[in-house]
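Data block below; observations after.
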Amino acid sequence: MPENLPEVEAEKFTGLDRKYLTILYIRILIAFLFLTGGLVTVILLAGDNFPKNFIFLIAGAIVLVIAFSAVIITLGFPRKGYLVREKDVSFQRGLITYRVTSVPLNRIQHVEVNQGVLAKILKLSSVNIYTAGGTSSDLSIPGLAENDAQKLKAFFSGKISDHE
Amino acid sequence: MIMSSIDLTKPTRQSPRGLILIFLFSAQKFIRAFWPILLVLVFQNEIFRNNRTILIAVLIFLILLIIHSILYYLNFYFYLEGDEFILKKGYLRKQTLSIPFDRIQSVNTKQNLIQQLLNVVTLEIDTAGTAARELKIHALNIFISNELQEQLQPVKKHSQSNDKEQTQKSETVKEELLLQLTPLDLLRIGISQNHIRAGLIIIAFGLQIFNQVQDVFQEQAEEYSSEFIEFMSQSNAALLTFMVIFFLLVSVFFSLLRTVLKYFDFKLLKKEETYRIESGLLNKRNVLIPHQKVQQLNWETGPLKKLFGIYHLVFKQAVSGQNRQQQQQLVDAPGCLAEHLKKLKQDLFGEDKLIESSRIYSDFFYFRRLWLLYGWIPVLLAAPFFYSEWIFWGGAVIWLLSSAGYSYLIIKKSYFRMNKQQVRISKGAISHKWEQMELHKIQAVEFKQSIFQKRRKLASLELMNASGIITIPYINEKVAISIYNYLLYHTEISKKSWM
């Protein structure tokens, strides 16, 4: 193999916008509300038929899962980041299982900028990069400032017209 | 030069015989959409009693359907224009679909029983775009279909620019038969299928029927089932063996049936740089596979298959947008011999140079991970519920030992070979599978490392192409990183077409 190939180094990645962390927290909050809401409805509907121990068990499980994901998200956030090089784009994430995915720019089929409701309020966008065929090799970079996302999209689109 | 008598640049309709097919399709669609209303109509005695009303209703319905079929038929046509395939359809809402030739991934035909009787085919044109639009022509004359398949064949466009002499030469190239399966071959293939899977399906199916029967005849069934349990508890080893053999026979029978239906008169042909597969009894398929569109070649053999010396082979092509019906994209040859496999590999990958690179095995830690997953975790999860029963502990020991054996089989087969152009991985537990691809077909690479792997300086790699993912599990971290960087470099400088 050729020597001195350029490396994808974890330190060079750009972190995501801090505001994206807020979105992640709000998502957990929503999940929490849904779960507790569901539990409360079940208890109200079932009345006394529902064993007390079971309620505590489920409530405990919910709290545990929510707390765990909050911790993971907080600690894992600095791990999330993207790196655009001359000929490829990479995204890294994951605290327990660390993953880096790279897509060579000459394999990109099209690019999209997406913005959810929460992201719109916080002026964030995500860039979705699509390759050919199935969805396995598509890449999504969330939590970018709106103008950064547009800049990235313009850059990738330019590269697509280069190789087509 | 003799050109075909069919001019595809002129708008062409489906075969007139297709009218029957359109009629049947629409009738089926209508009944599917309105069956609750139809049921009500049939069971409402007051309306039913008046025979004339019913007759008139059915007549009106039939006439409307016939008019719809005719209008649909008349307004459905297609033609080639420039380098696009254009299809127009619809009479109330007109629709025009146009597909540039270079977006076409594959052109295949299918034929069900009715179509075989009418001598027409369904032609499917697949584009691997993200917003894949389904393009199917259901009642096409076979001659037109063959001509279309020939014209739209993705490789064709490269030779278009060539001079006349070249095209003339390629016209005369005969199709070469690479592989044909005789009924005897089908028998062997059917027998060497995975019967455990077929057996499980039959058992599940049987249970479902049993449940339904139980719902209907609850009391009798309870009686029977208690008898059955009694019968089982008294039965001896001979009877159990008999039952096992019975189940095996049934599943062998079903595997055979499935094999014959799907692979009847299987032919793999080659013309220039394209394979063609023909097979099927009730549903015939005719699939073209240009070499360059093969993203990955998979082949496998199992203990029984090995005995017969046969391999199951799959050409993996790009999966279109919403990976719907992935099965369809997988084009397979169920049974070929080592020599066939060798020839196909030679065609697709050239001379096998990978054999010169050494095997790199997954780390032994992978075994521990697998054993934990298949062995210890199920046992530990079950333990709180059954710990008081001695039989559980006996079973747990057997389970742990057999899962260790299973994991050992996996790690013995988990290796890969790689050179500058290609990669071939080996995997499997009881059956042995191989996957091979050319490195420039890569679309993305992923490096994965859990905290447990990090401590041992290990990592896994995923190489993604347009048809799926090839995984290399638990290899040395440094090796993984250097492969990762090389693959990116190789893909980025590659000028070859990957789709």
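Each chain of the structure tokens is named A, B, ... in the order shown, its residues numbered from 1; ligands are numbered from 1 in display order.
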task: Could you give me the residues within stretch 385-433 of chain B that DSSP places in strand (DSSP E or B), as a count of residues only?
output: 12
Find the nearest atom pair between each residue of stretch 283-378 of chain B and stretch 259-270 of chain B for residues within 8 Å, count only C-alpha atoms, give distances in Å to one decimal, sort rows by chain and ascending number, and present the table as a Markdown table.
```
| residue | atom | partner | partner_atom | distance |
| --- | --- | --- | --- | --- |
| B:Asn283 | CA | B:Lys262 | CA | 7.4 |
| B:Ala333 | CA | B:Leu268 | CA | 7.9 |
| B:Pro334 | CA | B:Tyr263 | CA | 7.7 |
```
Restricting the output to C-alpha atoms, write the selected residues as an mmCIF file, in the first residue's frame.
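Saved as result-v7.cif:
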```cif
data_model
loop_
_atom_site.group_PDB
_atom_site.id
_atom_site.type_symbol
_atom_site.label_atom_id
_atom_site.label_comp_id
_atom_site.auth_asym_id
_atom_site.auth_seq_id
_atom_site.Cartn_x
_atom_site.Cartn_y
_atom_site.Cartn_z
ATOM 1 C CA ASN B 283 -43.506 -17.133 -12.869
ATOM 2 C CA ALA B 333 -27.906 -18.856 -9.436
ATOM 3 C CA PRO B 334 -28.941 -21.523 -6.947
#
```
**OP:** Do a neighbour search on stretch 94-98 of chain B at 12 Å with only C-alpha atoms, toss out local chain neighbours closer than 3 positions, and write the hits as a count of residues only.
**Re:** 30
For chain A, list the residues within 8 Å of chain B, counting only C-alpha atoms, and write the list as a ChimeraX atom specification.
/A:1-2,5-8,87-88,96-107,130-137
Check your understanding: Can you tell me, as JSON, numbers by chain, what residues are no more than 7 Å from A:Glu146 when counting only C-alpha atoms, ignoring any on the same chain fewer than 6 positions away?
Key -> {"A": [123, 124, 125]}
How would the residues just picked look written out with N, CA and C atoms as a JSON list (two decimals), in the first residue's frame?
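This is the output file again-v9.json:
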```
[["chain", "number", "residue", "atom", "x", "y", "z"],
["A", 123, "LYS", "N", -32.39, 28.22, 14.59],
["A", 123, "LYS", "CA", -31.61, 28.58, 13.40],
["A", 123, "LYS", "C", -30.51, 27.56, 13.10],
["A", 124, "LEU", "N", -30.90, 26.28, 13.17],
["A", 124, "LEU", "CA", -29.96, 25.21, 12.83],
["A", 124, "LEU", "C", -30.48, 24.46, 11.61],
["A", 125, "SER", "N", -29.58, 23.78, 10.92],
["A", 125, "SER", "CA", -29.99, 22.95, 9.79],
["A", 125, "SER", "C", -29.15, 21.69, 9.78]]
```
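Going from atom CA of B:His68 to atom CA of B:Leu123 covers 21.8 Å.
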TODO: Could you give me, as a PyMOL selection string, the residues within 10 Å of A:Leu21, counting only C-alpha atoms and dropping anything in the same chain fewer than 6 positions from it?
DONE: chain A and resi 27+73-74+77-78+143
Restricting it to N, CA and C atoms, dump the selection as a compact mmCIF listing (two decimals), in the first residue's frame.
```
# COMPACT_ATOMS: atom_id res chain seq x y z
N ARG A 27 -35.57 16.54 22.84
CA ARG A 27 -36.05 15.25 22.36
C ARG A 27 -36.20 14.26 23.51
N ILE A 73 -25.77 11.51 26.08
CA ILE A 73 -25.81 12.60 25.11
C ILE A 73 -24.88 13.74 25.53
N THR A 74 -24.88 14.05 26.82
CA THR A 74 -24.02 15.13 27.30
C THR A 74 -22.54 14.80 27.07
N PHE A 77 -21.62 14.40 23.22
CA PHE A 77 -21.75 15.53 22.30
C PHE A 77 -20.42 16.01 21.73
N PRO A 78 -19.39 16.16 22.58
CA PRO A 78 -18.10 16.62 22.03
C PRO A 78 -17.53 15.66 20.99
N GLY A 143 -27.15 19.58 13.24
CA GLY A 143 -26.63 20.60 14.15
C GLY A 143 -25.64 21.56 13.54
```
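Straight-line separation from atom CA of A:Pro51 to atom CA of A:Gly37: 18.0 Å.
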Practice task
Going by DSSP on the backbone, which bits of stretch 32-125 of chain A are alpha helix (DSSP H)? Write them as an MDAnalysis selection string, please.
Solution key: chainID A and resid 32:46 52:76 117:121
Within 12 Å of stretch 338-350 of chain B using only C-alpha atoms, minus same-chain residues under 6 positions, as a VMD selection string:
chain B and resid 177 to 180 268 to 275 289 to 301 305 to 306 308 to 315 421 to 424 434 to 439
Restricted to C-alpha atoms, what would the selected residues look like written as a PDB file, in the first residue's frame?
```
ATOM      1  CA  LEU B 177     -24.674 -20.773 -22.447  1.00  0.00           C
ATOM      2  CA  LEU B 178     -22.709 -20.840 -19.203  1.00  0.00           C
ATOM      3  CA  LEU B 179     -24.925 -22.871 -16.983  1.00  0.00           C
ATOM      4  CA  GLN B 180     -28.119 -24.817 -17.296  1.00  0.00           C
ATOM      5  CA  LEU B 268     -27.340 -18.494 -17.265  1.00  0.00           C
ATOM      6  CA  LEU B 269     -26.193 -17.055 -20.559  1.00  0.00           C
ATOM      7  CA  LYS B 270     -23.490 -14.630 -21.515  1.00  0.00           C
ATOM      8  CA  LYS B 271     -23.273 -12.230 -24.400  1.00  0.00           C
ATOM      9  CA  GLU B 272     -20.320  -9.903 -24.521  1.00  0.00           C
ATOM     10  CA  GLU B 273     -20.223  -8.158 -21.172  1.00  0.00           C
ATOM     11  CA  THR B 274     -23.690  -9.104 -20.041  1.00  0.00           C
ATOM     12  CA  TYR B 275     -25.218 -12.080 -18.294  1.00  0.00           C
ATOM     13  CA  ILE B 289     -26.975  -8.293 -15.682  1.00  0.00           C
ATOM     14  CA  PRO B 290     -24.272  -6.142 -17.295  1.00  0.00           C
ATOM     15  CA  HIS B 291     -20.907  -6.970 -15.712  1.00  0.00           C
ATOM     16  CA  GLN B 292     -20.158  -3.423 -14.717  1.00  0.00           C
ATOM     17  CA  LYS B 293     -23.467  -3.184 -12.817  1.00  0.00           C
ATOM     18  CA  VAL B 294     -22.526  -6.036 -10.526  1.00  0.00           C
ATOM     19  CA  GLN B 295     -21.586  -4.338  -7.294  1.00  0.00           C
ATOM     20  CA  GLN B 296     -20.618  -7.444  -5.446  1.00  0.00           C
ATOM     21  CA  LEU B 297     -20.530 -11.183  -5.955  1.00  0.00           C
ATOM     22  CA  ASN B 298     -21.628 -13.438  -3.102  1.00  0.00           C
ATOM     23  CA  TRP B 299     -21.365 -17.196  -3.029  1.00  0.00           C
ATOM     24  CA  GLU B 300     -21.854 -19.826  -0.389  1.00  0.00           C
ATOM     25  CA  THR B 301     -21.802 -23.517   0.231  1.00  0.00           C
ATOM     26  CA  LYS B 305     -24.035 -28.489  -0.789  1.00  0.00           C
ATOM     27  CA  LYS B 306     -20.373 -29.310  -0.298  1.00  0.00           C
ATOM     28  CA  PHE B 308     -22.697 -32.300  -4.044  1.00  0.00           C
ATOM     29  CA  GLY B 309     -19.962 -29.780  -4.835  1.00  0.00           C
ATOM     30  CA  ILE B 310     -22.405 -26.954  -5.496  1.00  0.00           C
ATOM     31  CA  TYR B 311     -22.390 -23.263  -4.670  1.00  0.00           C
ATOM     32  CA  HIS B 312     -25.210 -20.777  -4.402  1.00  0.00           C
ATOM     33  CA  LEU B 313     -24.290 -17.564  -6.136  1.00  0.00           C
ATOM     34  CA  VAL B 314     -25.794 -14.077  -5.964  1.00  0.00           C
ATOM     35  CA  PHE B 315     -25.031 -11.128  -8.224  1.00  0.00           C
ATOM     36  CA  GLN B 421      -7.997  -3.494  -6.419  1.00  0.00           C
ATOM     37  CA  GLN B 422     -10.238  -5.993  -4.700  1.00  0.00           C
ATOM     38  CA  VAL B 423     -11.390  -7.425  -1.432  1.00  0.00           C
ATOM     39  CA  ARG B 424     -12.832 -10.823  -0.593  1.00  0.00           C
ATOM     40  CA  TRP B 434     -17.769 -15.370   0.513  1.00  0.00           C
ATOM     41  CA  GLU B 435     -18.280 -11.825  -0.719  1.00  0.00           C
ATOM     42  CA  GLN B 436     -16.059 -10.158  -3.264  1.00  0.00           C
ATOM     43  CA  MET B 437     -16.043  -6.658  -4.701  1.00  0.00           C
ATOM     44  CA  GLU B 438     -13.847  -4.271  -6.580  1.00  0.00           C
ATOM     45  CA  LEU B 439     -12.622  -1.463  -4.360  1.00  0.00           C
TER      46      LEU B 439
END
```
Contacts of A:Ser157 at 10 Å or less, counting only C-alpha atoms, minus same-chain residues fewer than 2 places along, as an MDAnalysis selection string?
chainID A and resid 105 108:112 151:155 159:162
Any chance you could export the current selection's C-alpha atoms as a short mmCIF file (atom, residue, chain, number, x, y, z; two decimals), in the first residue's frame?
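The result, stored in again_24.cif:
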```cif
data_model
loop_
_atom_site.label_atom_id
_atom_site.label_comp_id
_atom_site.auth_asym_id
_atom_site.auth_seq_id
_atom_site.Cartn_x
_atom_site.Cartn_y
_atom_site.Cartn_z
CA LEU A 105 -17.12 13.52 -2.86
CA ILE A 108 -22.27 11.87 -3.89
CA GLN A 109 -25.47 11.80 -5.94
CA HIS A 110 -27.28 14.72 -4.38
CA VAL A 111 -27.33 16.96 -1.30
CA GLU A 112 -30.18 18.36 0.76
CA LYS A 151 -22.17 26.77 2.46
CA LEU A 152 -21.55 23.05 2.79
CA LYS A 153 -24.40 22.26 0.43
CA ALA A 154 -23.05 24.69 -2.15
CA PHE A 155 -19.60 23.15 -1.84
CA LYS A 159 -18.29 18.90 -6.55
CA ILE A 160 -21.21 16.91 -7.97
CA SER A 161 -21.29 19.00 -11.14
CA ASP A 162 -17.51 18.51 -11.40
#
```
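For the atom pair formed by atom CA of B:Pro384 and atom CA of A:Val71, the distance is 28.9 Å, given to one decimal.
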